[in-house]
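> Pasting in a structure now, in structure tokens, and then I'll have a few things to ask.
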Number of protein chains: 2
Amino acid sequence: MGRRDLNPEDIVRYEEDGPKVVLLDQRRLPDEEVELECTTVAALVTAIRELAIRGAPAIGVAAAYGLALAAARGDDVDAAATALAASRPTAVNLEWALAEVRDDPTPKRARRLHEAEVERCRAMAAHAAELFEPGTRALTHCNAGGLATGGYGSAVGALRAAWERDLLAHVWVDETRPLLQGSRLTAWELEAAGVPHAVIVDSAAASLMAGGEVDCVVTGADRIAANGDTANKIGTYSLAVLAAHHGIPLYVVAPSSTVDLATASGADIPIEERAGAELTTRFPARNPAFDVTPAGLIGAIVTEHGVQRAPYSASLAALV
Amino acid sequence: MGRRDLNPEDIVRYEEDGPKVVLLDQRRLPDEEVELECTTVAALVTAIRELAIRGAPAIGVAAAYGLALAAARGDDVDAAATALAASRPTAVNLEWALAEVRDDPTPKRARRLHEAEVERCRAMAAHAAELFEPGTRALTHCNAGGLATGGYGSAVGALRAAWERDLLAHVWVDETRPLLQGSRLTAWELEAAGVPHAVIVDSAAASLMAGGEVDCVVTGADRIAANGDTANKIGTYSLAVLAAHHGIPLYVVAPSSTVDLATASGADIPIEERAGAELTTRFPARNPAFDVTPAGLIGAIVTEHGVQRAPYSASLAALV
């Protein structure tokens, strides 16, 4: 891969011969392109928990394949669904995908869900591109690319669509500590797509904004509450406050599978706390993996159904 | 060292036997405590440029010792001063310290400057402690500790003084990418001083503020312009905007040697751009080492002369 575009099956797929779920191990990118084969649901749960595959839509797709794997192996499908749903707490896509395939946990149904997620990405990218004007310098955080969605990408998909339409001049890529999904994964995807970009430390975003070098911020989402409050990678809320201070719009680009009308507001979204060891310090550490951006700081939420504006309570309820 | 307090001469000193300037190599902390011996001005310039010693007051002290070294070796003292002043562009302390010792470039004079900087730290820490209330949870960025000042510290000195007065409950330590001065150096100093602390990724500060877990932000400075605009480690401006949004004060603690009345405002402060390789990514990168916080976002500037409030143009002119 590397310089060529990723196909959805390069990121995650089901193989009847095994059977097994095969995924590109994202922990080892961009240095090595290595596949991980999960022949049990337990192995897949570990792979999701340890971020061999990550990104809300992509782990939903992986969980759907996992349920097909459980059924093919003759495992208890309910127990498998429970284990997969519990692998990570913040993204709602896990629960959503498991509910979608629960009545038909077959490879065919899971593949259809995977294809539909990629189609949603292409549709939302086209909608999001309408938000760009020629020469836009966008800033993105974490990786909301093809790796995160099972193909094409949400926020990165929007950037690709804007680039193809000659609307994008440059992308600032937050490196995204602690696990560097920006400098490892997003930069790798933008390079493959030929999009001009530069990696920055997360804390440099503010001074680039003050210097007039950022026209918009574009991120994905792990869960969008009914009122539009959005959980995403730690640091997204920080960018939202900074963008508002500088009069720069922040756009959330995510498939409708990320919208959770059962969660009223951001206060009800569980935030995953990960091990302090991820900060590679020998001193005490605190490591929340996500934060919540209040709806009031979000300029637009873009799904496959189009560009939604505040008040989100009405617009989100209408589209799901 | 490690668990015990650092003495000023552990951080940087002049030895007549050589002669040489000896410094604790801060690039290798906290894993290894290794001294670096500079027997030439060129070696010391390299040590400053490559951050074996860093922190505005500390590199000023090192430059003063460097000028004494040049004189002892019979080098051209003016050429040595020019080379030392050019080693890093943003901190004004280099120029200030070189001007201080230019007429008497002796070890005795340089040591007196070093002692005076540490005394200033103790004085400003006592003033800064007045800003704390019992139970304060402070957040700091980069390392404005003893390592950065040649002893005791500016912002970290203030935290130590507050801790000794039972005014401090906890310190959030921004890891401070790309070079991790927070998680490597500040946490190491706070551990030695027995101050409760936890390292966070820089982008987590905002959500801790939103959660009501931060009472104030305390940082050092590399250069304070005549109007109070302050250059400090990249990410400080980001914290200032975030703190203002959450109604949290940001305090700058720095010796008067950091105040530069010859620089009218932040727009006139040169910002060092360092190699993108510091971000350890194989993709394009941009790496400004500092940013500028406008005076309007600074709740107080604390020097050895006391706590200054806005308008800073008047208060800074009066104290220098």
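Residue numbering restarts at 1 for every chain of the structure tokens, chains are lettered A, B, ... in their displayed order, and ligands are numbered from 1 as they appear.
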Please find the residues of chain A near chain B - the criterion being any atom within 7 Å, counting only C-alpha atoms - and write them as a ChimeraX atom specification.

/A:177-178,183,187,197-204,206-207,234-235,237-238,241-242,281,283-287,291

> Could you tell me, as a PyMOL selection string, which residues of range 44-251 of chain B DSSP assigns to helix (DSSP H, G or I) when given the backbone?

chain B and resi 44-49+56-73+77-85+93-101+107-129+146-149+155-164+181-193+202-210+236-245

> Could you turn the residues from that selection into a file that holds C-alpha atoms, as a JSON list (two decimals), in the first residue's frame?


[["chain", "number", "residue", "atom", "x", "y", "z"],
["B", 44, "LEU", "CA", 28.69, 25.48, 24.41],
["B", 45, "VAL", "CA", 26.85, 27.12, 21.48],
["B", 46, "THR", "CA", 26.07, 23.65, 20.15],
["B", 47, "ALA", "CA", 24.92, 22.51, 23.60],
["B", 48, "ILE", "CA", 22.52, 25.46, 23.84],
["B", 49, "ARG", "CA", 21.26, 25.07, 20.27],
["B", 56, "ALA", "CA", 15.52, 31.26, 29.11],
["B", 57, "PRO", "CA", 17.26, 32.15, 32.40],
["B", 58, "ALA", "CA", 19.43, 28.99, 32.32],
["B", 59, "ILE", "CA", 20.80, 29.65, 28.85],
["B", 60, "GLY", "CA", 21.51, 33.22, 29.95],
["B", 61, "VAL", "CA", 23.58, 31.86, 32.84],
["B", 62, "ALA", "CA", 25.32, 29.38, 30.54],
["B", 63, "ALA", "CA", 26.17, 32.19, 28.11],
["B", 64, "ALA", "CA", 27.66, 34.26, 30.95],
["B", 65, "TYR", "CA", 29.91, 31.33, 31.88],
["B", 66, "GLY", "CA", 30.69, 30.96, 28.17],
["B", 67, "LEU", "CA", 31.99, 34.50, 27.98],
["B", 68, "ALA", "CA", 34.20, 33.84, 31.01],
["B", 69, "LEU", "CA", 35.45, 30.72, 29.22],
["B", 70, "ALA", "CA", 36.27, 32.74, 26.10],
["B", 71, "ALA", "CA", 38.21, 35.28, 28.16],
["B", 72, "ALA", "CA", 40.11, 32.58, 30.08],
["B", 73, "ARG", "CA", 41.07, 30.88, 26.81],
["B", 77, "VAL", "CA", 35.36, 37.90, 23.56],
["B", 78, "ASP", "CA", 33.23, 39.94, 21.16],
["B", 79, "ALA", "CA", 33.09, 37.08, 18.68],
["B", 80, "ALA", "CA", 32.20, 34.70, 21.50],
["B", 81, "ALA", "CA", 29.38, 36.98, 22.63],
["B", 82, "THR", "CA", 28.04, 37.19, 19.08],
["B", 83, "ALA", "CA", 28.08, 33.41, 18.70],
["B", 84, "LEU", "CA", 26.43, 32.80, 22.06],
["B", 85, "ALA", "CA", 23.76, 35.45, 21.43],
["B", 93, "ASN", "CA", 18.02, 36.35, 28.48],
["B", 94, "LEU", "CA", 20.97, 35.42, 26.28],
["B", 95, "GLU", "CA", 21.51, 39.00, 25.18],
["B", 96, "TRP", "CA", 20.77, 40.32, 28.65],
["B", 97, "ALA", "CA", 23.28, 38.04, 30.41],
["B", 98, "LEU", "CA", 26.00, 38.70, 27.84],
["B", 99, "ALA", "CA", 25.53, 42.44, 28.25],
["B", 100, "GLU", "CA", 25.69, 42.06, 32.03],
["B", 101, "VAL", "CA", 29.06, 40.30, 32.07],
["B", 107, "PRO", "CA", 34.07, 33.29, 36.45],
["B", 108, "LYS", "CA", 33.38, 35.36, 39.58],
["B", 109, "ARG", "CA", 31.08, 37.76, 37.72],
["B", 110, "ALA", "CA", 29.25, 34.92, 35.92],
["B", 111, "ARG", "CA", 28.75, 33.06, 39.19],
["B", 112, "ARG", "CA", 27.33, 36.21, 40.75],
["B", 113, "LEU", "CA", 24.85, 36.46, 37.86],
["B", 114, "HIS", "CA", 23.92, 32.80, 38.36],
["B", 115, "GLU", "CA", 23.35, 33.28, 42.08],
["B", 116, "ALA", "CA", 21.29, 36.38, 41.43],
["B", 117, "GLU", "CA", 19.02, 34.50, 39.00],
["B", 118, "VAL", "CA", 18.35, 31.83, 41.61],
["B", 119, "GLU", "CA", 17.64, 34.51, 44.22],
["B", 120, "ARG", "CA", 15.22, 36.18, 41.81],
["B", 121, "CYS", "CA", 13.45, 32.83, 41.44],
["B", 122, "ARG", "CA", 13.01, 32.51, 45.19],
["B", 123, "ALA", "CA", 11.73, 36.07, 45.45],
["B", 124, "MET", "CA", 9.24, 35.73, 42.59],
["B", 125, "ALA", "CA", 8.05, 32.38, 43.91],
["B", 126, "ALA", "CA", 7.17, 33.99, 47.22],
["B", 127, "HIS", "CA", 5.27, 36.73, 45.40],
["B", 128, "ALA", "CA", 3.51, 34.24, 43.13],
["B", 129, "ALA", "CA", 2.40, 32.11, 46.06],
["B", 146, "GLY", "CA", 15.20, 24.76, 38.35],
["B", 147, "LEU", "CA", 16.56, 23.15, 35.20],
["B", 148, "ALA", "CA", 15.28, 26.12, 33.18],
["B", 149, "THR", "CA", 16.56, 28.88, 35.45],
["B", 155, "ALA", "CA", 6.73, 28.77, 37.41],
["B", 156, "VAL", "CA", 7.78, 25.53, 39.11],
["B", 157, "GLY", "CA", 9.37, 27.63, 41.86],
["B", 158, "ALA", "CA", 5.98, 29.29, 42.36],
["B", 159, "LEU", "CA", 4.35, 25.85, 42.59],
["B", 160, "ARG", "CA", 6.98, 24.72, 45.10],
["B", 161, "ALA", "CA", 6.43, 27.82, 47.21],
["B", 162, "ALA", "CA", 2.65, 27.31, 47.10],
["B", 163, "TRP", "CA", 3.12, 23.65, 48.09],
["B", 164, "GLU", "CA", 5.32, 24.61, 51.03],
["B", 181, "GLN", "CA", 10.00, 18.98, 28.75],
["B", 182, "GLY", "CA", 6.89, 18.58, 30.92],
["B", 183, "SER", "CA", 6.78, 14.80, 31.22],
["B", 184, "ARG", "CA", 10.58, 14.46, 31.33],
["B", 185, "LEU", "CA", 11.73, 17.47, 33.35],
["B", 186, "THR", "CA", 8.87, 19.13, 35.24],
["B", 187, "ALA", "CA", 7.44, 15.83, 36.50],
["B", 188, "TRP", "CA", 10.96, 14.83, 37.59],
["B", 189, "GLU", "CA", 11.37, 18.08, 39.52],
["B", 190, "LEU", "CA", 7.92, 17.89, 41.10],
["B", 191, "GLU", "CA", 8.58, 14.30, 42.17],
["B", 192, "ALA", "CA", 11.82, 15.39, 43.84],
["B", 193, "ALA", "CA", 9.96, 18.21, 45.59],
["B", 202, "ASP", "CA", -1.21, 18.91, 25.88],
["B", 203, "SER", "CA", -4.58, 18.66, 24.18],
["B", 204, "ALA", "CA", -6.28, 17.32, 27.35],
["B", 205, "ALA", "CA", -5.94, 20.63, 29.21],
["B", 206, "ALA", "CA", -9.16, 22.00, 27.73],
["B", 207, "SER", "CA", -11.38, 19.14, 28.89],
["B", 208, "LEU", "CA", -9.86, 19.25, 32.39],
["B", 209, "MET", "CA", -10.69, 22.96, 32.47],
["B", 210, "ALA", "CA", -14.25, 22.26, 31.29],
["B", 236, "THR", "CA", 1.24, 28.57, 25.95],
["B", 237, "TYR", "CA", -0.95, 30.78, 23.78],
["B", 238, "SER", "CA", -3.31, 27.84, 23.32],
["B", 239, "LEU", "CA", -3.58, 27.49, 27.10],
["B", 240, "ALA", "CA", -4.16, 31.22, 27.48],
["B", 241, "VAL", "CA", -7.13, 31.19, 25.11],
["B", 242, "LEU", "CA", -8.54, 28.06, 26.75],
["B", 243, "ALA", "CA", -8.06, 29.47, 30.25],
["B", 244, "ALA", "CA", -9.81, 32.71, 29.31],
["B", 245, "HIS", "CA", -12.73, 30.77, 27.81]]

> Run DSSP on the backbone and tell me which residues of range 125-309 of chain B come out as strand (DSSP E); list them as a PyMOL selection string.

chain B and resi 136-140+168-174+197-200+216-219+223-225+230-233+250-253+259-260+290-293+300-303+306-308

> Which is closest to Arg137 in chain B among B:Pro249, B:Gly194, B:Gly220, B:Gly266, if we use only C-alpha atoms?

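Selected residue with least distance to Arg137 in chain B: B:Pro249.
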